[in-house]
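Text of run.tsv (TSV, C-alpha atoms) as supplied:
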```tsv
chain	number	residue	atom	x	y	z
A	1	MET	CA	-14.76	-19.80	27.32
A	2	THR	CA	-17.21	-16.90	27.60
A	3	LYS	CA	-14.74	-14.04	27.47
A	4	SER	CA	-16.37	-12.57	24.39
A	5	SER	CA	-19.75	-12.17	26.12
A	6	SER	CA	-18.21	-10.27	29.09
A	7	PHE	CA	-16.74	-7.47	26.97
A	8	GLN	CA	-18.54	-5.70	24.16
A	9	PRO	CA	-16.20	-3.67	21.93
A	10	PRO	CA	-17.28	-0.16	20.84
A	11	ARG	CA	-19.43	-0.64	17.75
A	12	ILE	CA	-18.43	2.59	16.04
A	13	ALA	CA	-14.72	1.80	16.38
A	14	SER	CA	-15.28	-1.69	14.94
A	15	TRP	CA	-17.36	-0.24	12.10
A	16	LEU	CA	-14.62	2.28	11.25
A	17	ILE	CA	-12.04	-0.54	11.05
A	18	ASP	CA	-14.43	-2.52	8.88
A	19	LEU	CA	-14.62	0.46	6.53
A	20	SER	CA	-10.89	1.10	6.35
A	21	THR	CA	-9.63	-2.23	5.02
A	22	THR	CA	-10.55	-5.39	3.13
A	23	PRO	CA	-13.09	-7.75	4.79
A	24	GLU	CA	-10.44	-10.51	5.23
A	25	LYS	CA	-7.97	-8.18	6.93
A	26	ALA	CA	-10.71	-6.52	9.00
A	27	GLU	CA	-11.80	-9.90	10.38
A	28	SER	CA	-8.29	-10.72	11.63
A	29	ILE	CA	-7.74	-7.23	13.06
A	30	LEU	CA	-11.12	-7.13	14.84
A	31	GLY	CA	-10.50	-10.60	16.25
A	32	ASP	CA	-7.07	-9.55	17.55
A	33	LEU	CA	-8.47	-6.38	19.11
A	34	LEU	CA	-11.31	-8.26	20.78
A	35	GLU	CA	-8.95	-10.92	22.14
A	36	GLU	CA	-6.59	-8.36	23.68
A	37	SER	CA	-9.30	-6.04	24.96
A	38	SER	CA	-11.22	-8.93	26.59
A	39	ASP	CA	-8.03	-9.85	28.36
A	40	LEU	CA	-7.52	-6.25	29.46
A	41	ALA	CA	-11.16	-5.99	30.61
A	42	SER	CA	-10.74	-8.97	32.94
A	43	LYS	CA	-7.58	-7.38	34.43
A	44	SER	CA	-8.33	-3.64	34.53
A	45	GLY	CA	-12.06	-3.30	33.92
A	46	ALA	CA	-14.34	-2.65	30.96
A	47	ALA	CA	-13.83	1.14	30.87
A	48	SER	CA	-10.07	0.79	30.54
A	49	ALA	CA	-10.51	-1.89	27.87
A	50	ARG	CA	-12.88	0.34	25.90
A	51	ARG	CA	-10.39	3.23	26.01
A	52	TRP	CA	-7.62	0.90	24.86
A	53	TYR	CA	-9.85	-0.43	22.06
A	54	TRP	CA	-10.64	3.07	20.81
A	55	TRP	CA	-7.00	4.18	20.96
A	56	GLN	CA	-5.82	1.06	19.11
A	57	SER	CA	-8.61	1.40	16.54
A	58	LEU	CA	-7.76	5.00	15.69
A	59	ARG	CA	-4.05	4.23	15.34
A	60	THR	CA	-4.87	1.15	13.30
A	61	ILE	CA	-7.11	3.12	10.92
A	62	ALA	CA	-4.37	5.73	10.44
A	63	HIS	CA	-1.81	3.01	9.64
A	64	LEU	CA	-4.14	1.16	7.29
A	65	PHE	CA	-5.02	4.31	5.35
A	66	GLY	CA	-1.33	5.24	5.16
A	67	ALA	CA	-0.50	1.78	3.79
A	68	GLU	CA	-3.37	1.91	1.28
A	69	PHE	CA	-2.20	5.32	0.02
A	70	ARG	CA	1.33	4.01	-0.55
A	71	VAL	CA	0.30	0.91	-2.48
A	72	GLY	CA	-2.61	2.41	-4.45
A	73	PRO	CA	-3.20	0.17	-7.49
A	74	PRO	CA	-3.51	1.75	-10.99
A	75	TRP	CA	-7.32	1.35	-11.20
A	76	ALA	CA	-7.79	3.16	-7.86
A	77	ILE	CA	-5.59	6.05	-9.00
A	78	GLY	CA	-7.37	6.06	-12.39
A	79	SER	CA	-10.80	6.24	-10.79
A	80	VAL	CA	-9.70	9.17	-8.61
A	81	LEU	CA	-8.44	11.01	-11.71
A	82	VAL	CA	-11.64	10.36	-13.68
A	83	GLY	CA	-13.77	11.48	-10.70
A	84	PHE	CA	-11.65	14.59	-10.31
A	85	PHE	CA	-12.03	15.42	-14.02
A	86	PHE	CA	-15.85	15.24	-13.81
A	87	MET	CA	-16.14	17.17	-10.59
A	88	SER	CA	-13.61	19.84	-11.53
A	89	SER	CA	-15.38	20.60	-14.83
A	90	PHE	CA	-18.62	20.93	-12.86
A	91	PHE	CA	-17.05	23.40	-10.41
A	92	VAL	CA	-15.45	25.53	-13.14
A	93	GLY	CA	-18.87	25.73	-14.82
A	94	PHE	CA	-20.52	26.51	-11.51
A	95	PHE	CA	-18.20	29.41	-10.68
A	96	GLU	CA	-18.71	30.89	-14.15
A	97	TRP	CA	-22.47	30.59	-13.78
A	98	PHE	CA	-22.33	32.13	-10.32
A	99	THR	CA	-20.43	35.13	-11.69
A	100	LEU	CA	-23.00	35.69	-14.45
A	101	ALA	CA	-25.97	35.15	-12.15
A	102	ASN	CA	-24.58	37.52	-9.54
A	103	CYS	CA	-23.94	40.22	-12.19
A	104	GLY	CA	-27.47	39.72	-13.51
A	105	GLN	CA	-28.94	40.04	-10.06
A	106	ASN	CA	-27.10	43.30	-9.47
A	107	VAL	CA	-28.09	44.83	-12.82
A	108	PHE	CA	-31.75	43.74	-12.89
A	109	ALA	CA	-32.81	44.09	-9.31
A	110	CYS	CA	-36.41	43.12	-9.96
A	111	SER	CA	-38.24	40.71	-7.66
A	112	GLN	CA	-38.86	37.98	-10.31
A	113	LEU	CA	-35.15	37.70	-11.08
A	114	THR	CA	-34.30	37.49	-7.37
A	115	VAL	CA	-36.76	34.64	-6.86
A	116	ASP	CA	-35.35	32.80	-9.90
A	117	PHE	CA	-31.85	33.29	-8.61
A	118	VAL	CA	-32.74	31.81	-5.19
A	119	TRP	CA	-34.41	28.82	-6.88
A	120	MET	CA	-31.45	28.25	-9.14
A	121	LYS	CA	-29.04	28.46	-6.22
A	122	ASN	CA	-31.01	25.87	-4.22
A	123	GLY	CA	-31.46	23.66	-7.26
A	124	LEU	CA	-27.76	23.80	-7.98
A	125	LEU	CA	-26.92	22.92	-4.38
A	126	ILE	CA	-29.13	19.81	-4.56
A	127	TRP	CA	-27.70	18.92	-7.99
A	128	ASP	CA	-24.19	19.35	-6.56
A	129	LEU	CA	-24.93	16.95	-3.68
A	130	VAL	CA	-26.55	14.32	-5.94
A	131	LEU	CA	-23.73	14.56	-8.50
A	132	SER	CA	-21.00	14.31	-5.81
A	133	LEU	CA	-22.72	11.34	-4.18
A	134	SER	CA	-23.02	9.57	-7.54
A	135	ILE	CA	-19.39	10.27	-8.44
A	136	GLY	CA	-18.35	9.03	-4.98
A	137	CYS	CA	-20.32	5.79	-5.53
A	138	ILE	CA	-18.94	5.22	-9.07
A	139	VAL	CA	-15.33	5.93	-8.11
A	140	SER	CA	-15.54	3.71	-5.01
A	141	ALA	CA	-17.20	0.90	-6.97
A	142	ALA	CA	-14.36	1.05	-9.52
A	143	ALA	CA	-11.69	0.86	-6.80
A	144	LYS	CA	-12.76	-2.54	-5.53
A	145	GLY	CA	-11.42	-3.28	-2.03
A	146	ARG	CA	-10.14	0.28	-1.61
A	147	GLU	CA	-13.46	2.11	-1.57
A	148	MET	CA	-12.84	4.37	1.39
A	149	VAL	CA	-9.28	5.37	0.64
A	150	THR	CA	-10.30	6.26	-2.94
A	151	ALA	CA	-13.36	8.28	-1.86
A	152	ILE	CA	-11.40	10.12	0.85
A	153	THR	CA	-8.54	10.88	-1.56
A	154	LEU	CA	-10.93	12.29	-4.16
A	155	GLY	CA	-12.83	14.25	-1.47
A	156	LEU	CA	-9.60	15.77	-0.12
A	157	ILE	CA	-8.13	16.63	-3.53
A	158	LEU	CA	-11.39	18.15	-4.69
A	159	GLY	CA	-11.86	20.07	-1.43
A	160	VAL	CA	-8.38	21.63	-1.63
A	161	TRP	CA	-8.58	22.28	-5.39
A	162	SER	CA	-12.04	23.88	-5.31
A	163	THR	CA	-11.13	26.06	-2.31
A	164	VAL	CA	-8.05	27.36	-4.16
A	165	LEU	CA	-10.13	27.86	-7.33
A	166	PHE	CA	-12.78	29.69	-5.32
A	167	LEU	CA	-10.23	32.02	-3.71
A	168	VAL	CA	-8.67	32.81	-7.12
A	169	TRP	CA	-12.14	33.37	-8.59
A	170	SER	CA	-13.18	35.67	-5.70
A	171	ALA	CA	-9.99	37.71	-6.05
A	172	SER	CA	-10.24	38.04	-9.83
A	173	HIS	CA	-13.89	39.16	-9.71
A	174	HIS	CA	-13.36	41.49	-6.74
A	175	TYR	CA	-16.15	39.87	-4.74
A	176	ALA	CA	-16.20	39.52	-1.03
A	177	LEU	CA	-15.95	35.86	0.02
A	178	LEU	CA	-19.41	34.41	-0.53
A	179	LEU	CA	-20.48	31.57	1.71
A	180	LEU	CA	-22.54	29.51	-0.73
A	181	PRO	CA	-19.86	28.45	-3.24
A	182	LEU	CA	-17.47	27.60	-0.43
A	183	LEU	CA	-20.18	25.63	1.37
A	184	MET	CA	-20.91	23.74	-1.85
A	185	THR	CA	-17.31	22.65	-2.28
A	186	PHE	CA	-17.22	21.21	1.24
A	187	ALA	CA	-20.64	19.58	0.84
A	188	ALA	CA	-19.38	17.98	-2.40
A	189	SER	CA	-16.31	16.53	-0.65
A	190	ILE	CA	-18.43	15.10	2.17
A	191	SER	CA	-20.93	13.65	-0.33
A	192	ILE	CA	-18.12	11.88	-2.20
A	193	VAL	CA	-16.90	10.26	1.04
A	194	LEU	CA	-20.51	9.34	1.84
A	195	GLY	CA	-20.74	7.66	-1.58
A	196	GLY	CA	-17.68	5.62	-0.62
A	197	VAL	CA	-19.31	4.62	2.71
A	198	ILE	CA	-22.50	3.49	0.91
A	199	VAL	CA	-20.60	1.30	-1.59
A	200	ARG	CA	-18.41	-0.13	1.17
A	201	GLN	CA	-21.46	-0.93	3.34
A	202	ILE	CA	-23.15	-2.74	0.42
A	203	ARG	CA	-19.98	-4.74	-0.30
A	204	MET	CA	-19.57	-5.61	3.40
A	205	ALA	CA	-23.19	-6.80	3.60
A	206	SER	CA	-22.82	-8.95	0.48
A	207	HIS	CA	-19.52	-10.38	1.80
A	208	LYS	CA	-21.21	-11.39	5.08
A	209	CYS	CA	-24.07	-13.04	3.17
A	210	LEU	CA	-21.65	-15.28	1.22
B	1	MET	CA	19.39	-1.40	-22.74
B	2	TRP	CA	19.29	-5.01	-21.49
B	3	ASN	CA	22.13	-4.17	-19.18
B	4	PHE	CA	19.85	-1.69	-17.41
B	5	PHE	CA	17.16	-4.34	-16.86
B	6	TYR	CA	19.80	-6.78	-15.60
B	7	ILE	CA	20.99	-4.19	-13.04
B	8	VAL	CA	17.38	-3.60	-11.93
B	9	TYR	CA	16.93	-7.38	-11.61
B	10	LEU	CA	20.08	-7.67	-9.51
B	11	MET	CA	19.04	-4.75	-7.30
B	12	SER	CA	15.59	-6.24	-6.71
B	13	ASP	CA	17.30	-9.37	-5.40
B	14	ARG	CA	19.36	-7.34	-2.93
B	15	ASP	CA	16.50	-5.68	-1.10
B	16	TYR	CA	17.19	-4.96	2.56
B	17	LEU	CA	14.56	-4.90	5.28
B	18	GLY	CA	13.48	-1.60	6.79
B	19	GLU	CA	13.87	-1.07	10.54
B	20	PHE	CA	10.33	-2.08	11.53
B	21	GLU	CA	10.15	-4.80	8.88
B	22	HIS	CA	13.31	-6.27	10.37
B	23	ILE	CA	11.80	-6.23	13.88
B	24	VAL	CA	8.56	-7.85	12.68
B	25	VAL	CA	10.36	-10.63	10.80
B	26	LEU	CA	12.50	-11.37	13.87
B	27	ALA	CA	9.34	-11.52	16.01
B	28	LEU	CA	7.83	-14.01	13.53
B	29	LEU	CA	10.95	-16.16	13.70
B	30	ARG	CA	10.85	-16.12	17.52
B	31	LEU	CA	7.15	-17.00	17.70
B	32	ALA	CA	7.34	-19.75	15.05
B	33	ASP	CA	3.89	-21.43	14.81
B	34	GLN	CA	2.26	-18.99	17.23
B	35	ALA	CA	2.81	-15.82	15.19
B	36	TYR	CA	-0.39	-13.82	14.68
B	37	GLY	CA	-1.34	-10.16	15.23
B	38	VAL	CA	-1.67	-10.24	19.03
B	39	THR	CA	1.45	-12.29	19.77
B	40	VAL	CA	3.60	-10.33	17.30
B	41	ARG	CA	2.50	-7.02	18.83
B	42	GLN	CA	3.11	-8.27	22.38
B	43	GLU	CA	6.48	-9.80	21.49
B	44	ILE	CA	7.69	-6.46	20.13
B	45	GLU	CA	6.30	-4.58	23.12
B	46	VAL	CA	7.89	-6.92	25.69
B	47	ARG	CA	11.27	-7.32	23.97
B	48	ILE	CA	12.06	-3.76	22.90
B	49	SER	CA	9.55	-1.78	25.02
B	50	ARG	CA	8.09	-0.16	21.91
B	51	GLU	CA	4.35	0.38	21.85
B	52	VAL	CA	2.95	-0.53	18.46
B	53	SER	CA	-0.60	-0.73	17.16
B	54	ILE	CA	-2.17	-3.77	15.54
B	55	GLY	CA	-2.55	-1.65	12.39
B	56	ALA	CA	1.20	-0.96	12.19
B	57	VAL	CA	1.90	-4.69	12.51
B	58	TYR	CA	-0.68	-5.60	9.84
B	59	ALA	CA	0.45	-2.85	7.43
B	60	THR	CA	4.05	-4.10	7.72
B	61	LEU	CA	3.03	-7.75	7.37
B	62	ALA	CA	0.98	-6.90	4.26
B	63	ARG	CA	4.02	-5.18	2.74
B	64	LEU	CA	6.24	-8.17	3.58
B	65	GLU	CA	3.66	-10.54	2.10
B	66	THR	CA	3.60	-8.51	-1.14
B	67	LYS	CA	7.38	-8.80	-1.34
B	68	GLY	CA	7.11	-12.55	-0.78
B	69	TYR	CA	9.02	-12.51	2.54
B	70	VAL	CA	6.05	-13.74	4.56
B	71	ASN	CA	2.99	-15.87	3.91
B	72	SER	CA	-0.18	-16.26	5.93
B	73	TYR	CA	-2.94	-18.77	6.59
B	74	LEU	CA	-6.17	-18.69	8.58
B	75	GLY	CA	-6.63	-20.69	11.79
B	76	ASP	CA	-9.90	-21.93	13.25
B	77	PRO	CA	-12.45	-19.42	14.58
B	78	THR	CA	-12.33	-19.09	18.39
B	79	PRO	CA	-15.03	-17.87	20.82
B	80	GLU	CA	-12.76	-15.37	22.64
B	81	ARG	CA	-12.35	-13.63	19.29
B	82	GLY	CA	-16.09	-13.42	18.67
B	83	GLY	CA	-15.98	-16.37	16.27
B	84	ARG	CA	-13.26	-14.79	14.13
B	85	SER	CA	-10.21	-16.66	12.83
B	86	LYS	CA	-6.58	-15.92	13.65
B	87	ARG	CA	-4.33	-15.11	10.70
B	88	PHE	CA	-1.00	-16.83	11.29
B	89	PHE	CA	2.17	-15.63	9.58
B	90	ARG	CA	5.30	-17.52	8.52
B	91	VAL	CA	8.63	-16.31	7.18
B	92	THR	CA	9.42	-17.71	3.71
B	93	ALA	CA	12.84	-18.79	2.43
B	94	LYS	CA	13.05	-15.48	0.55
B	95	GLY	CA	12.28	-13.65	3.80
B	96	LEU	CA	14.95	-15.58	5.62
B	97	ALA	CA	17.47	-14.66	2.93
B	98	ALA	CA	16.45	-10.99	3.26
B	99	VAL	CA	16.87	-11.00	7.04
B	100	ASN	CA	20.32	-12.65	6.69
B	101	ARG	CA	21.32	-10.09	4.06
B	102	THR	CA	20.22	-7.22	6.32
B	103	HIS	CA	22.10	-8.69	9.28
B	104	ARG	CA	25.28	-9.10	7.24
B	105	ALA	CA	25.02	-5.51	6.00
B	106	LEU	CA	24.55	-4.22	9.55
B	107	GLU	CA	27.45	-6.33	10.84
B	108	GLN	CA	29.71	-5.06	8.10
B	109	MET	CA	28.73	-1.47	8.79
B	110	THR	CA	29.13	-1.74	12.56
B	111	ASP	CA	32.35	-3.77	12.43
B	112	GLY	CA	35.12	-1.89	14.21
B	113	LEU	CA	32.83	0.70	15.77
B	114	ARG	CA	32.86	0.92	19.54
B	115	PHE	CA	29.44	2.22	20.48
B	116	ALA	CA	29.59	1.48	24.20
B	117	LYS	CA	32.94	3.14	24.68
B	118	ARG	CA	32.11	6.23	22.62
B	119	TYR	CA	28.69	6.81	24.19
B	120	SER	CA	29.85	6.27	27.77
B	121	GLN	CA	32.54	8.93	27.46
```

Could you express the structure from this file as structure tokens?
Amino acid sequence: MTKSSSFQPPRIASWLIDLSTTPEKAESILGDLLEESSDLASKSGAASARRWYWWQSLRTIAHLFGAEFRVGPPWAIGSVLVGFFFMSSFFVGFFEWFTLANCGQNVFACSQLTVDFVWMKNGLLIWDLVLSLSIGCIVSAAAKGREMVTAITLGLILGVWSTVLFLVWSASHHYALLLLPLLMTFAASISIVLGGVIVRQIRMASHKCL
Amino acid sequence: MWNFFYIVYLMSDRDYLGEFEHIVVLALLRLADQAYGVTVRQEIEVRISREVSIGAVYATLARLETKGYVNSYLGDPTPERGGRSKRFFRVTAKGLAAVNRTHRALEQMTDGLRFAKRYSQ
């Protein structure tokens, strides 16, 4: 029986399935997909089997995430709420600071202040990314077995909330839409998801070692 | 107050299967000892011509397992699966009772209705 050596499943698709569910469930699902796609490859060719594998993988990931959302255990929901509390207080503070800094820049248009402002903006952007990544890691670590669904939920909630907050803030301060704060909110959401990926990868590696 | 909890207890014992849950449990009963992801998916596809993903089957089986209608065990790793094990599923006595209850409810609701006649007109 050398069916498995004749067909190599797409690595990215397999990796995404590995990320989206528990290691035990992922093993069964990946085995099932490989068994069926190997069979399909011997009948209709490798290209067709790869397409089928990708299509099945994407649908499977959507179903698994949907199921995980529905049966979210209390600690996963709790970790999302705690993460949201930390990140939201950071963003409220950030928008307030941005308002003050922008006013200051307009009033004192001297070169030293402008340089400071640029440095502070860049520093804050880096701080935002590091903080989001850390929060993503902590929240995912707390939601054991549901790392990705927790990180994605927090990323989505935070992305939507901070965009709404930003729009309200822009309207109330009569500013034109500034790119930096909006960019920061999206970067924060992506960093949180990335934190989830890192924790999941570490857990997967340790599970394979056992 | 206790009456309320007793009603909740009685209701929990009268849970009916959802449409796809019902189909999956029937596929498990048909496949008996050979029920795992691939065969369940193919059985549904062949019998009712409905294309389902492995993920949909697993999500439903996980839900059924949580309710205690199904249990699972791992088989031996096989080379055609890249050294991965098959997860076999079995319907429990509770699951069998749920499928019977659902069937009875459907029979009672459809009793006296003439689908074929009405739809052919």

Per-residue nearest contacts chain A to chain B, cut-off 12 Å, using all atoms listed in the file, as a tab-separated table:
```
residue	atom	partner	partner_atom	distance
A:Met1	CA	B:Glu80	CA	6.7
A:Thr2	CA	B:Glu80	CA	6.8
A:Lys3	CA	B:Glu80	CA	5.4
A:Ser4	CA	B:Glu80	CA	4.9
A:Ser5	CA	B:Gly82	CA	8.4
A:Ser6	CA	B:Glu80	CA	9.9
A:Phe7	CA	B:Glu80	CA	9.8
A:Gln8	CA	B:Gly82	CA	9.8
A:Pro9	CA	B:Gly82	CA	10.3
A:Ile17	CA	B:Gly55	CA	9.6
A:Ser20	CA	B:Gly55	CA	10.7
A:Thr21	CA	B:Gly55	CA	10.2
A:Thr22	CA	B:Ala62	CA	11.7
A:Pro23	CA	B:Arg84	CA	11.7
A:Glu24	CA	B:Arg87	CA	9.4
A:Lys25	CA	B:Tyr58	CA	8.3
A:Ala26	CA	B:Arg84	CA	10.1
A:Glu27	CA	B:Arg84	CA	6.3
A:Ser28	CA	B:Lys86	CA	5.8
A:Ile29	CA	B:Ile54	CA	7.0
A:Leu30	CA	B:Arg81	CA	8.0
A:Gly31	CA	B:Arg81	CA	4.7
A:Asp32	CA	B:Val38	CA	5.6
A:Leu33	CA	B:Ile54	CA	7.7
A:Leu34	CA	B:Arg81	CA	5.7
A:Glu35	CA	B:Arg81	CA	5.2
A:Glu36	CA	B:Val38	CA	7.0
A:Ser37	CA	B:Arg81	CA	10.0
A:Ser38	CA	B:Glu80	CA	7.7
A:Asp39	CA	B:Glu80	CA	9.2
A:Trp52	CA	B:Ser53	CA	10.5
A:Tyr53	CA	B:Ser53	CA	10.5
A:Trp54	CA	B:Ser53	CA	11.3
A:Trp55	CA	B:Ser53	CA	8.9
A:Gln56	CA	B:Ser53	CA	5.9
A:Ser57	CA	B:Gly55	CA	8.0
A:Leu58	CA	B:Gly55	CA	9.1
A:Arg59	CA	B:Ser53	CA	6.3
A:Thr60	CA	B:Gly55	CA	3.7
A:Ile61	CA	B:Gly55	CA	6.8
A:Ala62	CA	B:Gly55	CA	7.8
A:His63	CA	B:Gly55	CA	5.5
A:Leu64	CA	B:Gly55	CA	6.0
A:Phe65	CA	B:Ala59	CA	9.2
A:Gly66	CA	B:Ala59	CA	8.6
A:Ala67	CA	B:Ala59	CA	6.0
A:Glu68	CA	B:Ala59	CA	8.7
A:Phe69	CA	B:Ala59	CA	11.3
A:Arg70	CA	B:Arg63	CA	10.1
A:Val71	CA	B:Arg63	CA	8.8
```

Atom pair CA of Glu19 (chain B) / CA of Asn71 (chain B): separation (Å):
19.5 Å

With a distance cut-off of 7 Å and only C-alpha atoms, select the neighbouring residues of region 127-132 of chain A, excluding the residue or stretch itself and same-chain residues fewer than 6 positions from it, and output the selection as a CSV table (one decimal) with C-alpha atoms, keeping the file's coordinate frame.
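So around-v8.csv came out as:
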```csv
chain,number,residue,atom,x,y,z
A,187,ALA,CA,-20.6,19.6,0.8
A,188,ALA,CA,-19.4,18.0,-2.4
A,191,SER,CA,-20.9,13.6,-0.3
A,192,ILE,CA,-18.1,11.9,-2.2
```

CA of Leu133 (chain A) sits from CA of Ile157 (chain A) at a separation of 15.5 Å

What does the distance between CA of Phe84 (chain A) and CA of Gly145 (chain A) come to in Å, to one decimal place?
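Taking CA of Phe84 (chain A) and CA of Gly145 (chain A), their separation equals 19.7 Å.
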
B:Val99, B:Ala93, B:Val46, B:Ala35 ranked by distance to Ser72 (chain B), top pick (using all atoms listed in the file)
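Between B:Val99, B:Ala93, B:Val46, B:Ala35, the residue approaching Ser72 (chain B) most closely is B:Ala35.
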